[in-house]
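Next comes model_6.txt, a file with compact mmCIF, C-alpha atoms (C1' of nucleotides).
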# COMPACT_ATOMS: atom_id res chain seq x y z
CA MET A 1 -41.64 92.84 68.72
CA ARG A 2 -43.34 92.69 72.08
CA ARG A 3 -47.12 92.51 71.79
CA ALA A 4 -49.15 94.47 74.30
CA GLU A 5 -52.40 92.62 73.70
CA PRO A 6 -52.33 88.92 74.36
CA GLU A 7 -53.38 87.99 70.86
CA THR A 8 -50.30 85.84 70.49
CA ARG A 9 -52.29 82.74 71.30
CA GLY A 10 -54.58 83.35 68.39
CA GLU A 11 -51.70 84.03 66.07
CA ILE A 12 -50.11 80.75 67.10
CA LEU A 13 -53.34 78.91 66.32
CA ALA A 14 -53.55 80.57 62.92
CA ALA A 15 -49.93 79.84 62.11
CA ALA A 16 -50.29 76.24 63.24
CA THR A 17 -53.30 75.86 60.96
CA ARG A 18 -51.33 77.09 57.99
CA ARG A 19 -48.26 75.00 58.70
CA PHE A 20 -50.17 71.81 59.51
CA ALA A 21 -52.17 72.20 56.32
CA ALA A 22 -49.03 72.80 54.28
CA THR A 23 -46.70 70.15 55.66
CA GLY A 24 -48.83 67.98 57.92
CA TYR A 25 -48.84 67.57 61.68
CA ARG A 26 -45.70 65.51 61.93
CA GLY A 27 -44.03 67.49 59.19
CA THR A 28 -44.41 70.69 61.18
CA SER A 29 -42.13 71.44 64.10
CA LEU A 30 -42.92 73.78 66.96
CA GLN A 31 -40.02 75.87 65.71
CA ASP A 32 -41.73 76.18 62.30
CA ILE A 33 -44.83 77.56 63.97
CA ALA A 34 -42.84 79.88 66.21
CA THR A 35 -40.90 81.23 63.24
CA GLU A 36 -44.10 81.92 61.32
CA VAL A 37 -45.57 83.77 64.28
CA GLY A 38 -42.33 85.60 64.96
CA CYS A 39 -41.93 84.39 68.52
CA SER A 40 -39.87 81.75 70.26
CA LYS A 41 -40.68 78.07 70.50
CA ALA A 42 -40.93 78.51 74.26
CA THR A 43 -43.75 80.98 73.72
CA VAL A 44 -45.71 78.43 71.75
CA LEU A 45 -45.30 76.00 74.63
CA TYR A 46 -46.28 78.69 77.09
CA HIS A 47 -49.69 79.04 75.46
CA PHE A 48 -50.20 75.34 74.74
CA ALA A 49 -49.27 72.44 76.96
CA ASN A 50 -47.70 70.55 74.08
CA LYS A 51 -47.86 70.05 70.36
CA GLU A 52 -50.83 67.72 70.52
CA ALA A 53 -52.88 70.23 72.52
CA LEU A 54 -52.52 72.60 69.57
CA LEU A 55 -53.96 70.03 67.22
CA THR A 56 -56.82 68.99 69.47
CA GLU A 57 -57.88 72.62 69.94
CA LEU A 58 -57.81 73.09 66.18
CA MET A 59 -59.88 69.96 65.63
CA ALA A 60 -62.33 70.40 68.48
CA PRO A 61 -65.26 71.93 66.56
CA ALA A 62 -65.06 69.33 63.82
CA ILE A 63 -64.92 66.51 66.33
CA THR A 64 -67.92 67.85 68.22
CA GLU A 65 -70.02 67.93 65.08
CA LEU A 66 -68.82 64.52 64.00
CA GLN A 67 -69.98 63.22 67.34
CA ALA A 68 -73.36 64.86 66.77
CA LEU A 69 -73.70 63.15 63.41
CA ASP A 70 -72.92 59.84 65.06
CA ASP A 71 -75.62 60.48 67.65
CA ALA A 72 -78.12 61.30 64.92
CA LEU A 73 -77.34 57.95 63.38
CA THR A 74 -78.28 55.79 66.35
CA GLY A 75 -81.49 53.89 65.78
CA LEU A 76 -81.49 54.40 62.04
CA THR A 77 -80.98 51.45 59.74
CA GLY A 78 -81.09 50.62 56.04
CA ARG A 79 -81.80 53.38 53.54
CA ALA A 80 -82.59 55.94 56.22
CA ALA A 81 -79.22 55.44 57.86
CA GLN A 82 -77.53 55.53 54.48
CA GLN A 83 -79.14 58.84 53.51
CA THR A 84 -78.49 60.46 56.87
CA ALA A 85 -74.89 59.30 56.92
CA ALA A 86 -74.20 60.42 53.36
CA ASP A 87 -75.82 63.83 53.66
CA GLY A 88 -74.37 64.44 57.10
CA PHE A 89 -70.87 63.40 56.22
CA VAL A 90 -70.76 65.39 53.01
CA ASP A 91 -71.93 68.43 54.90
CA LEU A 92 -69.30 67.97 57.60
CA ALA A 93 -66.54 67.27 55.12
CA VAL A 94 -67.32 70.37 53.11
CA ARG A 95 -67.61 72.64 56.12
CA PHE A 96 -64.52 71.32 57.87
CA ARG A 97 -62.35 71.02 54.81
CA ARG A 98 -59.56 72.94 56.46
CA GLU A 99 -59.54 70.64 59.48
CA ILE A 100 -59.42 67.58 57.25
CA ALA A 101 -56.47 69.06 55.41
CA LEU A 102 -54.67 69.54 58.73
CA ILE A 103 -54.45 65.87 59.49
CA ARG A 104 -54.42 64.64 55.94
CA GLY A 105 -52.47 61.46 55.70
CA GLU A 106 -51.85 61.21 59.40
CA PHE A 107 -55.26 59.89 60.26
CA PRO A 108 -54.07 56.30 60.78
CA GLU A 109 -51.34 57.25 63.22
CA LEU A 110 -53.35 59.89 65.02
CA LEU A 111 -56.25 57.49 65.44
CA ARG A 112 -53.95 55.09 67.24
CA GLN A 113 -53.61 57.55 70.09
CA PRO A 114 -56.17 56.91 72.82
CA GLU A 115 -57.39 60.53 72.73
CA PHE A 116 -58.80 59.91 69.27
CA ALA A 117 -59.95 56.35 69.77
CA HIS A 118 -63.61 57.29 69.75
CA ILE A 119 -63.20 58.86 66.32
CA GLN A 120 -62.09 55.48 65.10
CA ARG A 121 -65.34 54.00 66.37
CA ILE A 122 -67.40 56.79 64.85
CA SER A 123 -65.90 56.34 61.43
CA GLU A 124 -66.55 52.63 61.61
CA ARG A 125 -70.19 53.25 62.44
CA LEU A 126 -70.35 55.79 59.66
CA ARG A 127 -69.01 53.24 57.25
CA ASP A 128 -71.52 50.65 58.37
CA ALA A 129 -74.34 53.13 58.01
CA LEU A 130 -73.21 54.08 54.53
CA ALA A 131 -73.07 50.42 53.65
CA GLY A 132 -76.69 50.09 54.70
CA ASN A 133 -75.69 47.95 57.67
CA THR A 134 -74.78 45.15 55.31
CA ASP A 135 -71.54 43.25 55.30
CA ARG A 136 -71.76 42.55 51.60
CA PRO A 137 -68.29 43.31 50.29
CA ALA A 138 -69.63 45.52 47.50
CA ALA A 139 -71.49 47.68 50.00
CA GLN A 140 -68.55 47.92 52.38
CA VAL A 141 -66.24 48.80 49.53
CA ALA A 142 -68.54 51.51 48.24
CA ALA A 143 -68.90 52.98 51.71
CA LEU A 144 -65.18 53.15 52.31
CA VAL A 145 -64.44 54.58 48.87
CA LEU A 146 -66.93 57.34 49.56
CA LEU A 147 -65.69 58.13 53.05
CA ALA A 148 -62.04 58.23 52.10
CA GLY A 149 -62.59 59.81 48.72
CA ILE A 150 -64.84 62.57 49.99
CA SER A 151 -62.40 63.46 52.76
CA GLU A 152 -59.44 63.62 50.43
CA THR A 153 -61.37 65.55 47.81
CA CYS A 154 -62.51 68.16 50.29
CA ALA A 155 -58.94 68.57 51.53
CA GLU A 156 -57.74 68.96 47.97
CA PHE A 157 -60.39 71.41 46.79
CA VAL A 158 -60.02 73.84 49.66
CA ASP A 159 -60.80 76.80 47.45
CA MET A 160 -63.86 75.49 45.61
CA PRO A 161 -67.02 77.28 46.75
CA ASP A 162 -69.31 75.25 48.99
CA ALA A 163 -72.12 75.75 46.50
CA GLU A 164 -70.16 73.85 43.89
CA LEU A 165 -68.48 71.22 45.99
CA ARG A 166 -71.43 70.12 48.10
CA PRO A 167 -73.92 69.30 45.35
CA ALA A 168 -71.23 67.53 43.34
CA LEU A 169 -70.40 65.31 46.29
CA LEU A 170 -74.02 64.69 47.16
CA ALA A 171 -74.87 63.70 43.61
CA LEU A 172 -71.92 61.37 43.48
CA ALA A 173 -72.77 59.79 46.80
CA ARG A 174 -76.34 59.24 45.72
CA ARG A 175 -75.21 57.60 42.51
CA ALA A 176 -72.67 55.43 44.29
CA LEU A 177 -75.12 54.28 46.94
CA GLU A 178 -78.15 53.60 44.76
CA PRO A 179 -79.40 50.10 45.50
CA VAL A 180 -77.56 47.81 43.13
CA PRO A 181 -79.90 45.05 41.84
CA GLU A 182 -78.61 42.55 44.40
CA HIS A 183 -77.03 40.39 41.73
CA PRO A 184 -76.88 37.34 43.97
CA THR A 185 -73.28 36.18 43.70
CA GLN A 186 -73.81 33.16 45.86
CA ASP A 187 -70.72 32.59 47.94
CA LYS A 188 -71.58 30.02 50.58
CA GLU A 189 -68.36 30.09 52.52
CA THR A 190 -66.47 33.41 52.81
CA MET B 1 -26.13 35.45 64.09
CA ARG B 2 -23.86 35.58 61.05
CA ARG B 3 -25.63 34.44 57.86
CA ALA B 4 -23.61 32.45 55.38
CA GLU B 5 -25.86 33.11 52.40
CA PRO B 6 -26.33 36.72 51.44
CA GLU B 7 -30.08 36.65 51.80
CA THR B 8 -29.92 39.49 54.27
CA ARG B 9 -30.85 41.99 51.60
CA GLY B 10 -34.10 40.17 50.90
CA GLU B 11 -34.89 39.95 54.59
CA ILE B 12 -34.35 43.67 54.93
CA LEU B 13 -36.74 44.33 52.07
CA ALA B 14 -39.36 42.06 53.61
CA ALA B 15 -38.98 43.65 57.04
CA ALA B 16 -39.16 47.14 55.56
CA THR B 17 -42.38 46.20 53.79
CA ARG B 18 -43.96 45.04 57.02
CA ARG B 19 -42.82 48.03 59.05
CA PHE B 20 -43.69 50.64 56.42
CA ALA B 21 -47.14 49.09 56.06
CA ALA B 22 -47.64 49.06 59.81
CA THR B 23 -46.33 52.47 60.83
CA GLY B 24 -45.72 54.32 57.56
CA TYR B 25 -42.50 55.39 55.91
CA ARG B 26 -41.74 58.29 58.20
CA GLY B 27 -42.98 56.40 61.20
CA THR B 28 -40.45 53.66 60.62
CA SER B 29 -36.80 54.15 61.54
CA LEU B 30 -33.88 52.27 60.07
CA GLN B 31 -33.34 50.90 63.56
CA ASP B 32 -36.87 49.48 63.53
CA ILE B 33 -36.14 47.59 60.35
CA ALA B 34 -32.75 46.41 61.60
CA THR B 35 -34.30 45.15 64.82
CA GLU B 36 -36.97 43.22 62.94
CA VAL B 37 -34.35 41.62 60.70
CA GLY B 38 -32.03 40.95 63.61
CA CYS B 39 -29.09 42.87 62.24
CA SER B 40 -27.55 46.27 62.84
CA LYS B 41 -28.69 49.53 61.34
CA ALA B 42 -25.34 49.77 59.62
CA THR B 43 -26.10 46.53 57.79
CA VAL B 44 -29.32 48.00 56.43
CA LEU B 45 -27.31 50.92 55.13
CA TYR B 46 -24.70 48.60 53.71
CA HIS B 47 -27.28 46.96 51.45
CA PHE B 48 -29.19 50.16 50.62
CA ALA B 49 -27.71 53.56 49.97
CA ASN B 50 -30.24 55.26 52.23
CA LYS B 51 -33.74 54.99 53.57
CA GLU B 52 -35.33 56.34 50.44
CA ALA B 53 -33.58 53.78 48.23
CA LEU B 54 -35.38 51.12 50.24
CA LEU B 55 -38.73 52.68 49.48
CA THR B 56 -38.07 53.25 45.80
CA GLU B 57 -36.99 49.63 45.34
CA LEU B 58 -40.17 48.51 47.06
CA MET B 59 -42.29 50.75 44.87
CA ALA B 60 -40.51 50.18 41.57
CA PRO B 61 -42.86 47.56 40.06
CA ALA B 62 -45.94 49.57 40.91
CA ILE B 63 -44.45 52.72 39.46
CA THR B 64 -43.48 50.96 36.26
CA GLU B 65 -47.00 49.72 35.71
CA LEU B 66 -48.50 53.07 36.59
CA GLN B 67 -46.30 54.59 33.93
CA ALA B 68 -47.56 51.98 31.47
CA LEU B 69 -51.16 52.89 32.25
CA ASP B 70 -50.35 56.51 31.65
CA ASP B 71 -48.84 55.64 28.29
CA ALA B 72 -51.92 53.67 27.35
CA LEU B 73 -53.96 56.76 28.08
CA THR B 74 -52.24 59.06 25.61
CA GLY B 75 -54.43 59.87 22.65
CA LEU B 76 -57.64 58.71 24.30
CA THR B 77 -60.33 61.21 25.19
CA GLY B 78 -63.90 61.26 26.45
CA ARG B 79 -65.59 58.01 27.39
CA ALA B 80 -62.79 55.86 26.03
CA ALA B 81 -60.23 57.57 28.26
CA GLN B 82 -62.64 57.33 31.18
CA GLN B 83 -63.13 53.60 30.77
CA THR B 84 -59.46 52.86 30.23
CA ALA B 85 -58.45 54.96 33.20
CA ALA B 86 -61.05 53.45 35.50
CA ASP B 87 -60.41 49.84 34.57
CA GLY B 88 -56.65 50.31 34.53
CA PHE B 89 -56.47 52.11 37.82
CA VAL B 90 -58.73 49.67 39.63
CA ASP B 91 -56.61 46.83 38.36
CA LEU B 92 -53.39 48.50 39.47
CA ALA B 93 -54.79 49.48 42.84
CA VAL B 94 -56.00 45.96 43.56
CA ARG B 95 -52.79 44.30 42.47
CA PHE B 96 -50.50 46.74 44.23
CA ARG B 97 -52.52 47.07 47.39
CA ARG B 98 -49.51 46.36 49.52
CA GLU B 99 -47.46 49.08 47.87
CA ILE B 100 -50.26 51.58 48.34
CA ALA B 101 -50.42 50.68 52.00
CA LEU B 102 -46.70 51.34 52.32
CA ILE B 103 -46.98 55.00 51.52
CA ARG B 104 -50.47 55.52 52.80
CA GLY B 105 -50.89 59.01 54.04
CA GLU B 106 -47.46 60.13 52.99
CA PHE B 107 -48.28 60.55 49.36
CA PRO B 108 -48.39 64.36 49.53
CA GLU B 109 -44.97 64.71 51.11
CA LEU B 110 -43.34 62.00 49.06
CA LEU B 111 -44.68 63.51 45.87
CA ARG B 112 -42.94 66.74 46.71
CA GLN B 113 -39.59 65.05 46.28
CA PRO B 114 -38.24 65.42 42.74
CA GLU B 115 -37.74 61.66 42.35
CA PHE B 116 -41.50 61.20 42.45
CA ALA B 117 -42.47 64.33 40.57
CA HIS B 118 -43.56 62.42 37.48
CA ILE B 119 -46.00 60.41 39.58
CA GLN B 120 -47.65 63.67 40.46
CA ARG B 121 -48.11 64.40 36.77
CA ILE B 122 -49.40 60.90 36.07
CA SER B 123 -52.03 61.11 38.76
CA GLU B 124 -53.15 64.46 37.43
CA ARG B 125 -53.54 63.02 33.96
CA LEU B 126 -55.36 60.07 35.45
CA ARG B 127 -57.75 62.40 37.17
CA ASP B 128 -58.38 64.34 34.00
CA ALA B 129 -59.01 61.15 32.07
CA LEU B 130 -61.42 59.91 34.74
CA ALA B 131 -63.19 63.24 34.55
CA GLY B 132 -63.65 62.74 30.82
CA ASN B 133 -61.25 65.60 30.09
CA THR B 134 -63.83 68.05 31.36
CA ASP B 135 -63.21 70.75 33.88
CA ARG B 136 -66.78 70.63 35.10
CA PRO B 137 -66.48 70.66 38.88
CA ALA B 138 -68.82 67.68 39.26
CA ALA B 139 -66.66 65.60 36.96
CA GLN B 140 -63.41 66.63 38.62
CA VAL B 141 -64.89 65.92 42.04
CA ALA B 142 -66.09 62.47 41.02
CA ALA B 143 -62.72 61.64 39.52
CA LEU B 144 -60.80 62.63 42.62
CA VAL B 145 -63.18 60.87 44.98
CA LEU B 146 -62.70 57.69 42.98
CA LEU B 147 -58.92 57.94 42.77
CA ALA B 148 -58.42 58.71 46.44
CA GLY B 149 -61.19 56.43 47.65
CA ILE B 150 -60.08 53.43 45.64
CA SER B 151 -56.50 53.81 46.81
CA GLU B 152 -57.45 54.05 50.44
CA THR B 153 -59.94 51.21 50.19
CA CYS B 154 -57.40 48.90 48.61
CA ALA B 155 -54.90 49.72 51.33
CA GLU B 156 -57.53 49.04 53.97
CA PHE B 157 -58.85 45.78 52.56
CA VAL B 158 -55.47 44.13 52.15
CA ASP B 159 -56.89 40.71 52.93
CA MET B 160 -59.98 40.74 50.73
CA PRO B 161 -59.60 38.38 47.76
CA ASP B 162 -59.01 40.05 44.42
CA ALA B 163 -62.08 38.34 43.04
CA GLU B 164 -64.25 40.19 45.53
CA LEU B 165 -62.51 43.53 45.65
CA ARG B 166 -62.00 44.14 41.95
CA PRO B 167 -65.59 43.69 40.72
CA ALA B 168 -66.90 45.75 43.62
CA LEU B 169 -64.60 48.62 42.74
CA LEU B 170 -65.31 48.34 39.03
CA ALA B 171 -69.05 48.37 39.56
CA LEU B 172 -68.76 51.37 41.83
CA ALA B 173 -66.55 53.24 39.39
CA ARG B 174 -68.95 52.55 36.54
CA ARG B 175 -71.87 53.81 38.60
CA ALA B 176 -69.98 56.90 39.72
CA LEU B 177 -68.83 57.77 36.22
CA GLU B 178 -72.03 57.15 34.31
CA PRO B 179 -72.80 60.25 32.24
CA VAL B 180 -74.89 62.47 34.43
CA PRO B 181 -77.68 64.15 32.37
CA GLU B 182 -75.61 67.32 31.94
CA HIS B 183 -78.03 69.33 34.02
CA PRO B 184 -76.74 72.62 32.62
CA THR B 185 -75.84 74.64 35.69
CA GLN B 186 -74.81 77.64 33.70
CA ASP B 187 -71.82 79.25 35.30
CA LYS B 188 -70.51 81.76 32.81
CA GLU B 189 -67.26 82.77 34.49
CA THR B 190 -64.71 80.33 35.96
C1' DT C 1 -42.78 102.66 95.57
C1' DC C 2 -43.05 98.10 95.53
C1' DA C 3 -45.10 93.46 94.90
C1' DG C 4 -47.13 90.21 92.00
C1' DG C 5 -48.71 88.11 88.05
C1' DG C 6 -48.94 87.51 83.03
C1' DT C 7 -46.01 87.15 79.00
C1' DC C 8 -42.00 85.94 76.74
C1' DT C 9 -37.25 84.30 76.02
C1' DG C 10 -32.45 81.96 75.52
C1' DA C 11 -30.19 78.26 77.10
C1' DC C 12 -30.46 73.83 77.78
C1' DC C 13 -31.99 68.74 78.03
C1' DG C 14 -32.48 63.81 76.58
C1' DA C 15 -34.04 61.22 72.84
C1' DT C 16 -34.05 59.89 68.23
C1' DC C 17 -33.18 60.43 63.60
C1' DG C 18 -30.41 59.22 59.05
C1' DG C 19 -25.97 58.46 57.91
C1' DT C 20 -20.54 57.63 58.18
C1' DC C 21 -16.43 55.12 59.17
C1' DA C 22 -12.70 52.12 60.48
C1' DG C 23 -12.16 47.77 61.37
C1' DG C 24 -13.37 42.59 62.35
C1' DC C 25 -14.29 38.26 60.40
C1' DA C 26 -14.99 34.56 57.12
C1' DT C 27 -14.16 32.95 52.62
C1' DG C 28 -11.82 31.86 48.41
C1' DC C 29 -8.27 32.72 45.03
C1' DT C 30 -3.24 32.80 43.97
C1' DA D 1 0.93 31.58 53.42
C1' DG D 2 -0.64 35.88 51.93
C1' DC D 3 -4.06 38.72 50.09
C1' DA D 4 -8.36 40.58 48.34
C1' DT D 5 -13.16 40.76 48.73
C1' DG D 6 -17.85 40.64 50.60
C1' DC D 7 -20.49 41.04 54.63
C1' DC D 8 -21.29 42.93 58.89
C1' DT D 9 -20.67 45.65 63.18
C1' DG D 10 -20.12 49.15 67.20
C1' DA D 11 -19.00 53.59 67.87
C1' DC D 12 -19.75 57.83 66.53
C1' DC D 13 -21.55 62.21 64.12
C1' DG D 14 -24.42 66.41 63.38
C1' DA D 15 -29.07 67.71 63.10
C1' DT D 16 -33.53 68.07 64.80
C1' DC D 17 -37.19 66.93 67.63
C1' DG D 18 -40.58 68.06 71.77
C1' DG D 19 -40.19 69.86 76.04
C1' DT D 20 -38.21 72.31 80.58
C1' DC D 21 -36.60 76.07 83.31
C1' DA D 22 -34.87 80.20 85.49
C1' DG D 23 -35.19 84.60 84.79
C1' DA D 24 -36.14 89.16 82.17
C1' DC D 25 -39.64 92.38 80.98
C1' DC D 26 -43.93 94.93 81.42
C1' DC D 27 -48.29 96.23 83.32
C1' DT D 28 -51.36 97.02 87.15
C1' DG D 29 -53.09 97.66 91.67
C1' DA D 30 -52.12 98.57 96.47

Would you kindly transcribe this structure into structure tokens?
Amino acid sequence: MRRAEPETRGEILAAATRRFAATGYRGTSLQDIATEVGCSKATVLYHFANKEALLTELMAPAITELQALDDALTGLTGRAAQQTAADGFVDLAVRFRREIALIRGEFPELLRQPEFAHIQRISERLRDALAGNTDRPAAQVAALVLLAGISETCAEFVDMPDAELRPALLALARRALEPVPEHPTQDKET
Amino acid sequence: MRRAEPETRGEILAAATRRFAATGYRGTSLQDIATEVGCSKATVLYHFANKEALLTELMAPAITELQALDDALTGLTGRAAQQTAADGFVDLAVRFRREIALIRGEFPELLRQPEFAHIQRISERLRDALAGNTDRPAAQVAALVLLAGISETCAEFVDMPDAELRPALLALARRALEPVPEHPTQDKET
DNA sequence: TCAGGGTCTGACCGATCGGTCAGGCATGCT
DNA sequence: AGCATGCCTGACCGATCGGTCAGACCCTGA
């Protein structure tokens, strides 16, 4: 069972991906991962400082690109921001479906940790951009439905080809975000 | 600290609601709940058979009504099913926002338990109805985005008045579900 | 031949989890 | 007075968690 080449690290990453996607981050123990790899739990912790380090390494590419999208958003407002945010987020969600599935349902708790605090801020900015920088409830609601719904849908449809999933999401986002005729529901006080 | 009237059970339920909503079902220990109530963990387990019984009692009304919506859906197809599903689900999601928040992010794991297996089936039927009983990818994607997005949004906007949240969600759902001009992307196989 | 470093492991640790159990205490009925 | 019952508790249990550690094993280079 001893492995001459040090590819164990990679196998651990692959196994962790599978287990996290299947049973979630908290629902997966280091022993689960070790068993899937065929090594001991101590080996997993030899290659990675702790359980969280495994997750952050798995999520790193997605986080980097999310940050890039956030940067691309600075300065944009109104329809331009809306379009950029929608297109960019759909693209990210489709491409990083696997990563989304990894932390599915544990977003709220994971975001509470300081290491992921900036992601919290990014998703808030993304939501504002999608809402067209308005605080109209209807716009905020639509933005959040899209963000959450797209994430969940991508995690669910892991096997759908990009060429099918992406245009479906883009079309939906465009329909959902099309400027509703204002419909001035005058509410003076909140 | 002894309570003459047996209102402890109600206090436990209330505390469990708060804690589950704040840190999730798995993220909340029986000791957490006991501490918030001001009693011992054994007392919690005296009033409830186990941790899961607490959750099921909290979720019972929502589940009952979800079942009713599913019943109302039988026999309907096409646009009628779509409308009924959308209106019914938005209504349920808005009214049972708190219950959704309780199990936020733990839906996948909870659904795996046999006690909640029928909810799995209901949500699948709901998705099919929302998709207009089509298996066109675009329709399935839109249906899932709506279901997941609406749930998450309701859980997030716990404090928004019903009168604001409901129409916003309904308008969004109507826009998202409006019959897209077919746009025959001929895919012969699958 | 030997030293050293990278890889891996079993044994172990403290903490926390859900859950059990025998018994204490107050009350009310007989 | 005696007894049953409902409510509540501390002490305890086995399991599991993430993480530590001393040492075994193997390869390589001097």

Using all atoms listed in the file, I'd like a table of the residues in chain A that come within 8 Å of chain B; for each, show the closest atom pair and its distance in Å rounded to one decimal, ordered by chain and ascending number, as a tab-separated table.
residue	atom	partner	partner_atom	distance
A:Thr23	CA	B:Glu109	CA	7.3
A:Arg104	CA	B:Gly105	CA	6.9
A:Gly105	CA	B:Gly105	CA	3.4
A:Glu106	CA	B:Gly105	CA	5.9
A:Phe107	CA	B:Gly105	CA	7.7
A:Pro108	CA	B:Gly105	CA	7.9
A:Glu109	CA	B:Thr23	CA	7.3
A:Pro137	CA	B:Glu164	CA	7.0
A:Ala138	CA	B:Ala168	CA	4.7
A:Val141	CA	B:Ala168	CA	6.7
A:Ala142	CA	B:Leu172	CA	6.4
A:Leu144	CA	B:Thr153	CA	6.0
A:Val145	CA	B:Gly149	CA	3.9
A:Leu146	CA	B:Gly149	CA	6.1
A:Leu147	CA	B:Gly149	CA	7.2
A:Ala148	CA	B:Gly149	CA	4.9
A:Gly149	CA	B:Gly149	CA	3.8
A:Ile150	CA	B:Val145	CA	5.5
A:Glu152	CA	B:Ala148	CA	6.4
A:Thr153	CA	B:Val145	CA	5.8
A:Glu164	CA	B:Pro137	CA	7.0
A:Leu165	CA	B:Pro137	CA	7.4
A:Ala168	CA	B:Ala138	CA	4.7
A:Leu169	CA	B:Val141	CA	7.0
A:Leu172	CA	B:Ala176	CA	6.2
A:Arg175	CA	B:Ala176	CA	6.0
A:Ala176	CA	B:Ala176	CA	5.5

Restricting it to C-alpha atoms, dump the selection as a CSV table (one decimal), in the frame of the given file.
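Wrote part.csv, looks like this:
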chain,number,residue,atom,x,y,z
A,23,THR,CA,-46.7,70.2,55.7
A,104,ARG,CA,-54.4,64.6,55.9
A,105,GLY,CA,-52.5,61.5,55.7
A,106,GLU,CA,-51.8,61.2,59.4
A,107,PHE,CA,-55.3,59.9,60.3
A,108,PRO,CA,-54.1,56.3,60.8
A,109,GLU,CA,-51.3,57.2,63.2
A,137,PRO,CA,-68.3,43.3,50.3
A,138,ALA,CA,-69.6,45.5,47.5
A,141,VAL,CA,-66.2,48.8,49.5
A,142,ALA,CA,-68.5,51.5,48.2
A,144,LEU,CA,-65.2,53.2,52.3
A,145,VAL,CA,-64.4,54.6,48.9
A,146,LEU,CA,-66.9,57.3,49.6
A,147,LEU,CA,-65.7,58.1,53.0
A,148,ALA,CA,-62.0,58.2,52.1
A,149,GLY,CA,-62.6,59.8,48.7
A,150,ILE,CA,-64.8,62.6,50.0
A,152,GLU,CA,-59.4,63.6,50.4
A,153,THR,CA,-61.4,65.6,47.8
A,164,GLU,CA,-70.2,73.8,43.9
A,165,LEU,CA,-68.5,71.2,46.0
A,168,ALA,CA,-71.2,67.5,43.3
A,169,LEU,CA,-70.4,65.3,46.3
A,172,LEU,CA,-71.9,61.4,43.5
A,175,ARG,CA,-75.2,57.6,42.5
A,176,ALA,CA,-72.7,55.4,44.3

Check which residues of chain A sit at most 9 Å from chain D using only C-alpha atoms (C1' of nucleotides), and return one row each with the closest pair of atoms and their distance in Å to one decimal, ordered by chain and rising number, as CSV.
residue,atom,partner,partner_atom,distance
A:Ala4,CA,D:DC26,C1',8.8
A:Ser29,CA,D:DC17,C1',7.6
A:Leu30,CA,D:DG18,C1',7.8
A:Ala42,CA,D:DG19,C1',8.9
A:Leu45,CA,D:DG19,C1',8.1
A:Asn50,CA,D:DG19,C1',7.8
A:Lys51,CA,D:DG18,C1',7.7

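Taking C1' of DC8 (chain C) and CA of Ala21 (chain A) as the two end points, the separation is 26.6 Å.
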
Starting from chain C, keep only residues with some atom at most 12 Å from an atom of chain B, counting all atoms listed in the file, and report them as a ChimeraX atom specification.
/C:16-21,25-27

Find the axis-aligned box for region 3-20 of chain C, covering all its listed atoms and adding 6 Å on each side, and write its centre and edge lengths in Å to one decimal as lines of an AutoDock Vina configuration file.
center_x = -34.7
center_y = 75.5
center_z = 76.4
size_x = 40.4
size_y = 47.8
size_z = 49.0

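Closest to Asp70 (chain B) among B:Leu130, B:Val44, B:Ile122, B:Ile12 is B:Ile122, based on all atoms listed in the file.
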
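For the pair CA of Glu36 (chain B) and CA of Gly10 (chain B), the interatomic distance is 12.7 Å.
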
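Within a radius of 12 Å around (-62.4, 67.5, 71.9), the polymer residues are Glu52, Ala53, Leu54, Leu55, Thr56, Glu57, Leu58, Met59, Ala60, Pro61, Ala62, Ile63, Thr64, Glu65, Leu66, Gln67, Glu115, Phe116, Ala117, His118 and Ile119 of chain A, counting all atoms listed in the file.
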
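Note that CA of Phe20 (chain B) and CA of Leu102 (chain B) are 5.1 Å apart.
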
Can you sort out region 155-161 of chain A so it carries N, CA and C atoms, written as a tab-separated table (two decimals), keeping the file's coordinate frame?
chain	number	residue	atom	x	y	z
A	155	ALA	N	-60.24	68.01	51.15
A	155	ALA	CA	-58.94	68.57	51.53
A	155	ALA	C	-58.22	69.15	50.32
A	156	GLU	N	-58.43	68.52	49.17
A	156	GLU	CA	-57.74	68.96	47.97
A	156	GLU	C	-58.37	70.24	47.40
A	157	PHE	N	-59.69	70.26	47.38
A	157	PHE	CA	-60.39	71.41	46.79
A	157	PHE	C	-60.76	72.43	47.85
A	158	VAL	N	-59.74	72.91	48.56
A	158	VAL	CA	-60.02	73.84	49.66
A	158	VAL	C	-60.63	75.14	49.17
A	159	ASP	N	-60.36	75.49	47.92
A	159	ASP	CA	-60.80	76.80	47.45
A	159	ASP	C	-62.09	76.76	46.64
A	160	MET	N	-62.61	75.56	46.37
A	160	MET	CA	-63.86	75.49	45.61
A	160	MET	C	-65.02	75.97	46.49
A	161	PRO	N	-65.89	76.79	45.94
A	161	PRO	CA	-67.02	77.28	46.75
A	161	PRO	C	-67.89	76.12	47.24
